[in-house]
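As provided, input-v2.pdb (PDB, C-alpha atoms, pLDDT in the B column) reads as follows.
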```pdb
ATOM      1  CA  MET A  21      25.086 -20.559  26.834  1.00 50.00           C
ATOM      2  CA  THR A  22      27.701 -22.859  25.364  1.00 55.00           C
ATOM      3  CA  ALA A  23      29.020 -22.376  21.868  1.00 49.00           C
ATOM      4  CA  ALA A  24      27.202 -25.536  20.734  1.00 51.00           C
ATOM      5  CA  LYS A  25      23.864 -24.365  22.141  1.00 50.00           C
ATOM      6  CA  ASN A  26      24.372 -20.881  20.688  1.00 47.00           C
ATOM      7  CA  SER A  27      25.042 -22.374  17.261  1.00 44.00           C
ATOM      8  CA  GLU A  28      21.951 -24.562  17.585  1.00 50.00           C
ATOM      9  CA  ALA A  29      19.807 -21.554  18.536  1.00 42.00           C
ATOM     10  CA  ILE A  30      21.036 -19.561  15.539  1.00 35.00           C
ATOM     11  CA  GLN A  31      20.300 -22.485  13.223  1.00 44.00           C
ATOM     12  CA  THR A  32      16.768 -22.860  14.649  1.00 40.00           C
ATOM     13  CA  GLU A  33      16.141 -19.125  14.233  1.00 43.00           C
ATOM     14  CA  ALA A  34      17.311 -19.262  10.623  1.00 39.00           C
ATOM     15  CA  GLU A  35      15.045 -22.229   9.901  1.00 42.00           C
ATOM     16  CA  ASN A  36      12.053 -20.397  11.361  1.00 43.00           C
ATOM     17  CA  MET A  37      12.764 -17.195   9.417  1.00 43.00           C
ATOM     18  CA  ILE A  38      10.189 -16.495   6.731  1.00 56.00           C
ATOM     19  CA  ILE A  39      11.914 -15.381   3.530  1.00 65.00           C
ATOM     20  CA  PRO A  40       9.561 -13.434   1.235  1.00 73.00           C
ATOM     21  CA  PRO A  41       9.369 -14.647  -2.368  1.00 72.00           C
ATOM     22  CA  SER A  42      11.416 -12.764  -4.921  1.00 72.00           C
ATOM     23  CA  ASP A  43       9.959 -14.153  -8.150  1.00 70.00           C
ATOM     24  CA  LEU A  44       6.805 -12.032  -8.103  1.00 72.00           C
ATOM     25  CA  TRP A  45       4.615 -11.053 -11.025  1.00 60.00           C
ATOM     26  CA  SER A  46       3.792  -7.405 -11.588  1.00 66.00           C
ATOM     27  CA  ASP A  47       0.262  -6.441 -10.536  1.00 59.00           C
ATOM     28  CA  GLU A  48      -0.497  -3.050 -12.064  1.00 56.00           C
ATOM     29  CA  PRO A  49      -3.836  -1.644 -13.290  1.00 64.00           C
ATOM     30  CA  PRO A  50      -4.361  -0.956 -17.011  1.00 64.00           C
ATOM     31  CA  LEU A  51      -2.978   2.294 -18.396  1.00 66.00           C
ATOM     32  CA  GLU A  52      -5.285   5.284 -18.648  1.00 65.00           C
ATOM     33  CA  SER A  53      -5.267   5.633 -22.442  1.00 78.00           C
ATOM     34  CA  ASP A  54      -3.475   4.861 -25.688  1.00 84.00           C
ATOM     35  CA  LEU A  55      -1.529   8.113 -25.247  1.00 87.00           C
ATOM     36  CA  HIS A  56      -0.154   6.897 -21.911  1.00 88.00           C
ATOM     37  CA  ARG A  57       0.840   3.519 -23.348  1.00 92.00           C
ATOM     38  CA  GLU A  58       2.416   5.031 -26.463  1.00 95.00           C
ATOM     39  CA  GLN A  59       4.345   7.568 -24.380  1.00 96.00           C
ATOM     40  CA  ILE A  60       5.865   4.871 -22.198  1.00 95.00           C
ATOM     41  CA  GLU A  61       6.780   2.727 -25.213  1.00 95.00           C
ATOM     42  CA  LEU A  62       8.320   5.744 -26.948  1.00 97.00           C
ATOM     43  CA  LEU A  63      10.601   6.675 -24.058  1.00 98.00           C
ATOM     44  CA  LEU A  64      11.663   3.093 -23.383  1.00 97.00           C
ATOM     45  CA  ALA A  65      12.409   2.373 -27.049  1.00 96.00           C
ATOM     46  CA  CYS A  66      14.532   5.501 -27.430  1.00 97.00           C
ATOM     47  CA  LEU A  67      16.477   4.981 -24.208  1.00 97.00           C
ATOM     48  CA  LYS A  68      17.137   1.296 -24.844  1.00 96.00           C
ATOM     49  CA  TRP A  69      18.366   2.028 -28.369  1.00 96.00           C
ATOM     50  CA  LEU A  70      20.613   4.841 -27.114  1.00 97.00           C
ATOM     51  CA  TRP A  71      22.042   2.566 -24.413  1.00 97.00           C
ATOM     52  CA  ARG A  72      22.010  -0.579 -26.567  1.00 96.00           C
ATOM     53  CA  HIS A  73      25.678  -1.286 -25.782  1.00 96.00           C
ATOM     54  CA  ARG A  74      25.249  -0.896 -22.025  1.00 97.00           C
ATOM     55  CA  THR A  75      24.572  -3.779 -19.658  1.00 97.00           C
ATOM     56  CA  ASP A  76      24.441  -1.855 -16.377  1.00 98.00           C
ATOM     57  CA  PHE A  77      20.867  -0.576 -16.241  1.00 98.00           C
ATOM     58  CA  TYR A  78      17.250  -1.693 -16.129  1.00 98.00           C
ATOM     59  CA  ALA A  79      14.394   0.360 -17.569  1.00 98.00           C
ATOM     60  CA  SER A  80      10.730  -0.576 -17.554  1.00 96.00           C
ATOM     61  CA  GLY A  81       7.247   0.839 -17.355  1.00 93.00           C
ATOM     62  CA  ASN A  82       3.984   0.129 -15.525  1.00 90.00           C
ATOM     63  CA  LEU A  83       5.788  -2.562 -13.526  1.00 92.00           C
ATOM     64  CA  THR A  84       5.305  -3.196  -9.812  1.00 92.00           C
ATOM     65  CA  ILE A  85       8.118  -2.279  -7.431  1.00 94.00           C
ATOM     66  CA  TYR A  86       8.000  -4.508  -4.335  1.00 91.00           C
ATOM     67  CA  PHE A  87       9.826  -2.608  -1.609  1.00 90.00           C
ATOM     68  CA  SER A  88       8.280  -4.185   1.491  1.00 85.00           C
ATOM     69  CA  PRO A  89       7.262  -7.813   2.195  1.00 80.00           C
ATOM     70  CA  GLU A  90       4.048  -6.484   3.769  1.00 74.00           C
ATOM     71  CA  GLN A  91       2.901  -5.415   0.309  1.00 66.00           C
ATOM     72  CA  ILE A  92       2.357  -9.046  -0.594  1.00 66.00           C
ATOM     73  CA  THR A  93      -0.505  -9.247   1.935  1.00 64.00           C
ATOM     74  CA  THR A  94      -1.717  -5.618   1.932  1.00 60.00           C
ATOM     75  CA  ARG A  95      -1.503  -5.391  -1.887  1.00 60.00           C
ATOM     76  CA  ASP A  96      -0.484  -1.731  -1.578  1.00 62.00           C
ATOM     77  CA  PHE A  97       1.447  -1.892  -4.817  1.00 62.00           C
ATOM     78  CA  ARG A  98       3.374   0.982  -6.386  1.00 70.00           C
ATOM     79  CA  GLY A  99       4.370   0.748 -10.006  1.00 86.00           C
ATOM     80  CA  PRO A 100       5.794   3.867 -11.666  1.00 94.00           C
ATOM     81  CA  ASP A 101       4.773   4.513 -15.252  1.00 95.00           C
ATOM     82  CA  LEU A 102       8.467   4.479 -16.135  1.00 97.00           C
ATOM     83  CA  PHE A 103      11.590   3.957 -14.056  1.00 98.00           C
ATOM     84  CA  VAL A 104      15.307   3.463 -14.594  1.00 98.00           C
ATOM     85  CA  VAL A 105      17.701   1.687 -12.226  1.00 98.00           C
ATOM     86  CA  LEU A 106      21.426   2.176 -12.763  1.00 98.00           C
ATOM     87  CA  GLY A 107      24.251  -0.137 -11.753  1.00 97.00           C
ATOM     88  CA  CYS A 108      22.318  -3.373 -12.100  1.00 97.00           C
ATOM     89  CA  GLU A 109      22.069  -6.358 -14.451  1.00 96.00           C
ATOM     90  CA  ASN A 110      20.193  -5.667 -17.671  1.00 96.00           C
ATOM     91  CA  ARG A 111      17.823  -8.633 -18.043  1.00 95.00           C
ATOM     92  CA  PRO A 112      14.058  -9.261 -18.278  1.00 94.00           C
ATOM     93  CA  ARG A 113      12.094  -9.284 -15.015  1.00 94.00           C
ATOM     94  CA  LYS A 114       8.525  -9.994 -13.877  1.00 92.00           C
ATOM     95  CA  SER A 115       8.702  -7.084 -11.418  1.00 93.00           C
ATOM     96  CA  TRP A 116      11.288  -5.128  -9.448  1.00 95.00           C
ATOM     97  CA  VAL A 117      11.786  -6.775  -6.056  1.00 93.00           C
ATOM     98  CA  LEU A 118      14.001  -4.784  -3.692  1.00 93.00           C
ATOM     99  CA  TRP A 119      15.174  -7.703  -1.574  1.00 93.00           C
ATOM    100  CA  ALA A 120      16.259  -9.549  -4.738  1.00 93.00           C
ATOM    101  CA  GLU A 121      18.084  -6.514  -6.174  1.00 95.00           C
ATOM    102  CA  GLN A 122      20.501  -5.615  -3.350  1.00 94.00           C
ATOM    103  CA  GLY A 123      18.017  -3.025  -2.103  1.00 94.00           C
ATOM    104  CA  LYS A 124      18.361  -0.843  -5.201  1.00 97.00           C
ATOM    105  CA  TYR A 125      15.613   1.721  -5.760  1.00 97.00           C
ATOM    106  CA  PRO A 126      15.084   3.532  -9.090  1.00 98.00           C
ATOM    107  CA  ASN A 127      17.461   6.360  -9.960  1.00 98.00           C
ATOM    108  CA  VAL A 128      14.824   8.057 -12.108  1.00 98.00           C
ATOM    109  CA  ILE A 129      11.029   7.840 -12.088  1.00 98.00           C
ATOM    110  CA  ILE A 130       8.592   9.337 -14.598  1.00 98.00           C
ATOM    111  CA  GLU A 131       4.860   9.406 -13.910  1.00 97.00           C
ATOM    112  CA  LEU A 132       2.283  10.168 -16.596  1.00 96.00           C
ATOM    113  CA  LEU A 133      -0.484  12.273 -15.134  1.00 95.00           C
ATOM    114  CA  SER A 134      -4.192  11.888 -15.779  1.00 92.00           C
ATOM    115  CA  ASP A 135      -7.273  13.443 -14.206  1.00 88.00           C
ATOM    116  CA  SER A 136      -7.732  10.361 -12.032  1.00 88.00           C
ATOM    117  CA  THR A 137      -4.089   9.907 -10.939  1.00 89.00           C
ATOM    118  CA  ALA A 138      -2.645  13.445 -10.750  1.00 94.00           C
ATOM    119  CA  LYS A 139      -3.498  13.866  -7.061  1.00 94.00           C
ATOM    120  CA  VAL A 140      -1.742  10.616  -6.143  1.00 93.00           C
ATOM    121  CA  ASP A 141       1.253  11.294  -8.400  1.00 94.00           C
ATOM    122  CA  LYS A 142       1.727  14.786  -6.936  1.00 96.00           C
ATOM    123  CA  GLY A 143       0.978  13.750  -3.362  1.00 96.00           C
ATOM    124  CA  THR A 144       1.232  10.143  -2.174  1.00 94.00           C
ATOM    125  CA  LYS A 145       3.788   9.025  -4.767  1.00 95.00           C
ATOM    126  CA  PHE A 146       5.762  12.266  -4.476  1.00 97.00           C
ATOM    127  CA  GLU A 147       6.219  11.609  -0.750  1.00 97.00           C
ATOM    128  CA  LEU A 148       6.930   7.907  -1.277  1.00 95.00           C
ATOM    129  CA  TYR A 149       9.638   8.546  -3.867  1.00 97.00           C
ATOM    130  CA  GLN A 150      11.135  11.305  -1.727  1.00 98.00           C
ATOM    131  CA  GLU A 151      10.940   9.756   1.739  1.00 97.00           C
ATOM    132  CA  THR A 152      11.134   5.978   1.130  1.00 95.00           C
ATOM    133  CA  PHE A 153      12.597   5.367  -2.310  1.00 96.00           C
ATOM    134  CA  ARG A 154      14.971   8.347  -2.061  1.00 98.00           C
ATOM    135  CA  THR A 155      14.895   8.387  -5.863  1.00 98.00           C
ATOM    136  CA  PRO A 156      17.333  11.095  -7.026  1.00 98.00           C
ATOM    137  CA  GLU A 157      15.090  12.419  -9.808  1.00 98.00           C
ATOM    138  CA  TYR A 158      11.316  12.447 -10.266  1.00 98.00           C
ATOM    139  CA  PHE A 159       9.474  13.778 -13.321  1.00 98.00           C
ATOM    140  CA  TRP A 160       5.821  13.970 -14.245  1.00 98.00           C
ATOM    141  CA  PHE A 161       4.180  14.637 -17.602  1.00 98.00           C
ATOM    142  CA  HIS A 162       0.537  14.923 -18.668  1.00 97.00           C
ATOM    143  CA  PRO A 163       0.075  13.496 -22.208  1.00 95.00           C
ATOM    144  CA  HIS A 164      -3.089  15.547 -22.740  1.00 94.00           C
ATOM    145  CA  THR A 165      -2.331  18.953 -21.175  1.00 96.00           C
ATOM    146  CA  LEU A 166       1.475  18.640 -21.669  1.00 97.00           C
ATOM    147  CA  GLU A 167       2.113  19.691 -18.060  1.00 97.00           C
ATOM    148  CA  PHE A 168       5.739  18.828 -17.365  1.00 98.00           C
ATOM    149  CA  GLN A 169       7.812  19.182 -14.212  1.00 98.00           C
ATOM    150  CA  GLY A 170      10.873  17.570 -12.677  1.00 98.00           C
ATOM    151  CA  PHE A 171      12.524  17.388  -9.287  1.00 98.00           C
ATOM    152  CA  SER A 172      15.947  16.545  -7.918  1.00 98.00           C
ATOM    153  CA  LEU A 173      16.562  15.205  -4.423  1.00 98.00           C
ATOM    154  CA  VAL A 174      18.597  17.796  -2.516  1.00 98.00           C
ATOM    155  CA  GLY A 175      19.206  17.406   1.186  1.00 97.00           C
ATOM    156  CA  GLY A 176      16.544  14.730   1.359  1.00 97.00           C
ATOM    157  CA  LYS A 177      13.835  16.900  -0.230  1.00 98.00           C
ATOM    158  CA  TYR A 178      12.710  17.305  -3.832  1.00 98.00           C
ATOM    159  CA  GLN A 179      13.621  20.635  -5.381  1.00 98.00           C
ATOM    160  CA  PRO A 180      12.151  21.743  -8.742  1.00 98.00           C
ATOM    161  CA  LEU A 181      14.523  21.512 -11.705  1.00 98.00           C
ATOM    162  CA  GLU A 182      15.048  24.714 -13.665  1.00 98.00           C
ATOM    163  CA  PRO A 183      14.238  24.456 -17.400  1.00 98.00           C
ATOM    164  CA  ASN A 184      16.718  25.602 -20.033  1.00 98.00           C
ATOM    165  CA  ALA A 185      15.890  28.030 -22.845  1.00 97.00           C
ATOM    166  CA  GLU A 186      14.028  25.268 -24.717  1.00 97.00           C
ATOM    167  CA  GLY A 187      11.974  24.400 -21.654  1.00 97.00           C
ATOM    168  CA  TRP A 188      13.794  21.081 -21.206  1.00 98.00           C
ATOM    169  CA  LEU A 189      14.942  19.631 -17.885  1.00 98.00           C
ATOM    170  CA  TRP A 190      18.379  18.104 -17.388  1.00 98.00           C
ATOM    171  CA  SER A 191      18.600  14.639 -15.838  1.00 98.00           C
ATOM    172  CA  GLN A 192      21.959  14.277 -14.130  1.00 98.00           C
ATOM    173  CA  GLN A 193      21.250  10.579 -13.570  1.00 98.00           C
ATOM    174  CA  LEU A 194      20.609   9.825 -17.253  1.00 98.00           C
ATOM    175  CA  GLU A 195      22.891  12.567 -18.584  1.00 98.00           C
ATOM    176  CA  LEU A 196      20.068  13.514 -20.929  1.00 98.00           C
ATOM    177  CA  PHE A 197      17.542  16.300 -21.294  1.00 98.00           C
ATOM    178  CA  LEU A 198      13.826  15.587 -21.078  1.00 98.00           C
ATOM    179  CA  GLY A 199      11.538  17.898 -22.997  1.00 98.00           C
ATOM    180  CA  VAL A 200       8.284  18.139 -24.897  1.00 98.00           C
ATOM    181  CA  HIS A 201       8.631  17.682 -28.664  1.00 97.00           C
ATOM    182  CA  GLU A 202       5.588  17.503 -30.939  1.00 96.00           C
ATOM    183  CA  SER A 203       3.326  16.908 -27.911  1.00 97.00           C
ATOM    184  CA  LYS A 204       5.434  13.981 -26.666  1.00 97.00           C
ATOM    185  CA  LEU A 205       7.948  13.747 -23.837  1.00 98.00           C
ATOM    186  CA  ARG A 206      11.311  12.985 -25.437  1.00 98.00           C
ATOM    187  CA  PHE A 207      14.972  12.523 -24.588  1.00 98.00           C
ATOM    188  CA  PHE A 208      17.648  14.872 -25.924  1.00 98.00           C
ATOM    189  CA  SER A 209      21.406  14.418 -25.744  1.00 98.00           C
ATOM    190  CA  ALA A 210      23.696  16.790 -23.879  1.00 98.00           C
ATOM    191  CA  ASP A 211      24.369  18.577 -27.175  1.00 97.00           C
ATOM    192  CA  LYS A 212      20.589  18.982 -27.629  1.00 97.00           C
ATOM    193  CA  GLN A 213      20.077  16.346 -30.307  1.00 97.00           C
ATOM    194  CA  LEU A 214      16.772  14.470 -30.281  1.00 97.00           C
ATOM    195  CA  VAL A 215      17.129  10.797 -29.380  1.00 97.00           C
ATOM    196  CA  ALA A 216      15.356   9.439 -32.442  1.00 91.00           C
ATOM    197  CA  THR A 217      12.925   6.569 -32.836  1.00 88.00           C
ATOM    198  CA  ALA A 218      13.530   3.766 -35.348  1.00 73.00           C
ATOM    199  CA  GLU A 219      11.169   5.464 -37.815  1.00 79.00           C
ATOM    200  CA  GLU A 220      12.911   8.810 -37.395  1.00 79.00           C
ATOM    201  CA  ARG A 221      16.311   7.215 -37.910  1.00 73.00           C
ATOM    202  CA  ALA A 222      15.045   5.567 -41.104  1.00 71.00           C
ATOM    203  CA  THR A 223      13.732   8.906 -42.372  1.00 70.00           C
ATOM    204  CA  ILE A 224      17.035  10.613 -41.618  1.00 73.00           C
ATOM    205  CA  ALA A 225      18.910   7.862 -43.483  1.00 66.00           C
ATOM    206  CA  GLU A 226      16.628   8.276 -46.511  1.00 62.00           C
ATOM    207  CA  GLN A 227      17.182  12.029 -46.503  1.00 69.00           C
ATOM    208  CA  GLN A 228      20.937  11.540 -46.343  1.00 71.00           C
ATOM    209  CA  VAL A 229      20.803   9.190 -49.345  1.00 66.00           C
ATOM    210  CA  LYS A 230      18.779  11.748 -51.319  1.00 65.00           C
ATOM    211  CA  ILE A 231      21.278  14.498 -50.498  1.00 69.00           C
ATOM    212  CA  LEU A 232      24.182  12.275 -51.543  1.00 66.00           C
ATOM    213  CA  LYS A 233      22.491  11.397 -54.835  1.00 67.00           C
ATOM    214  CA  ALA A 234      21.798  15.069 -55.542  1.00 70.00           C
ATOM    215  CA  ARG A 235      25.464  15.908 -54.975  1.00 74.00           C
ATOM    216  CA  LEU A 236      26.597  13.101 -57.279  1.00 68.00           C
ATOM    217  CA  LYS A 237      24.241  14.275 -60.007  1.00 70.00           C
ATOM    218  CA  ALA A 238      25.579  17.825 -59.641  1.00 76.00           C
ATOM    219  CA  LEU A 239      29.018  16.353 -60.346  1.00 76.00           C
ATOM    220  CA  GLY A 240      27.708  14.609 -63.435  1.00 74.00           C
ATOM    221  CA  ILE A 241      27.736  11.179 -61.837  1.00 80.00           C
ATOM    222  CA  ASP A 242      24.746   8.880 -62.138  1.00 70.00           C
ATOM    223  CA  PRO A 243      24.137   7.688 -58.540  1.00 72.00           C
ATOM    224  CA  ASP A 244      22.022   4.760 -59.731  1.00 73.00           C
ATOM    225  CA  ILE A 245      24.848   3.111 -61.682  1.00 65.00           C
ATOM    226  CA  THR A 246      26.274   0.116 -59.882  1.00 54.00           C
ATOM    227  CA  GLU A 247      29.333  -1.884 -60.863  1.00 51.00           C
TER     228      GLU A 247
END
```

Starting from the file, lay out its structure as structure tokens.
Amino acid sequence: MTAAKNSEAIQTEAENMIIPPSDLWSDEPPLESDLHREQIELLLACLKWLWRHRTDFYASGNLTIYFSPEQITTRDFRGPDLFVVLGCENRPRKSWVLWAEQGKYPNVIIELLSDSTAKVDKGTKFELYQETFRTPEYFWFHPHTLEFQGFSLVGGKYQPLEPNAEGWLWSQQLELFLGVHESKLRFFSADKQLVATAEERATIAEQQVKILKARLKALGIDPDITE
């Protein structure tokens, strides 16, 4: 085959190639309960505030991950309750489409168990995240029973993470602890400080103001006097 014919054949093949769409809407079922929704919102809000100055991650919840073009026709969708992708552009998305994201899979996945989904989360999704996604860390948490477990991918297989003295699990990917606090799954810093919500931060600020005023009064200074 001449160079001209070879070039023509390649061009024809490229024209006939079907490129799957990348601007796909998420197609996930409703969440199991208010507890599930609130738990997802809590974790996302805390992580996004903690990483508010970072632009190299994407975190979302109950959002479809399209990892195979066949899913578009088979509708065998898989949307983790919460996932974090590192080393990517931080911008809003309709869904996570692998072929539009340089083939990046989530670095961390968290599933919220329920009586109707626990079998899938511990079986089908466990195998999918281990064998296909190769997601480095997988956690699950039951908002009602507080069952909590995490796994790290070692040698291609998930190995259980060992809890610390507080019962928390260390995420090497996030460089944060995950642990149960007041019946909620929460993030903790490496020095074991709770990653606070907006309301908790406001309460802490109010307490600090009260302490400061008390100290000023003890010194004979009226803290309410302004110049």

Nearby residues (all atoms listed in the file) at most 9 Å from stretch 159-165 of chain A, same-chain spacing under 6 positions excluded, as an MDAnalysis selection string: chainID A and resid 55:56 59 128:134 138 141:142 171:172 203:205

Ranking A:Ala65, A:Leu102, A:Ile224, A:Cys108 by minimum distance to A:Tyr78 and counting all atoms listed in the file, which one comes first? A:Cys108

Atom CA of A:Glu195 to atom CA of A:Phe77, straight-line distance in Å: 13.5 Å

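Applied to this file, the PyMOL selection byres ((chain A and resi 154-156) around 8) selects the residues Tyr125, Pro126, Asn127, Val128, Ile129, Tyr149, Gln150, Glu151, Thr152, Phe153, Glu157, Tyr158, Ser172, Leu173, Gly176 and Gln193 of chain A.
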
Around (18.8, -11.3, -7.7) in the file's frame, which residues reach within 10 Å when counting all atoms listed in the file? Return as a PyMOL selection string? chain A and resi 42-43+108-109+116-122

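Atom CA of A:Pro41 to atom CA of A:Arg113 spans 14.0 Å [interatomic distance, one decimal].
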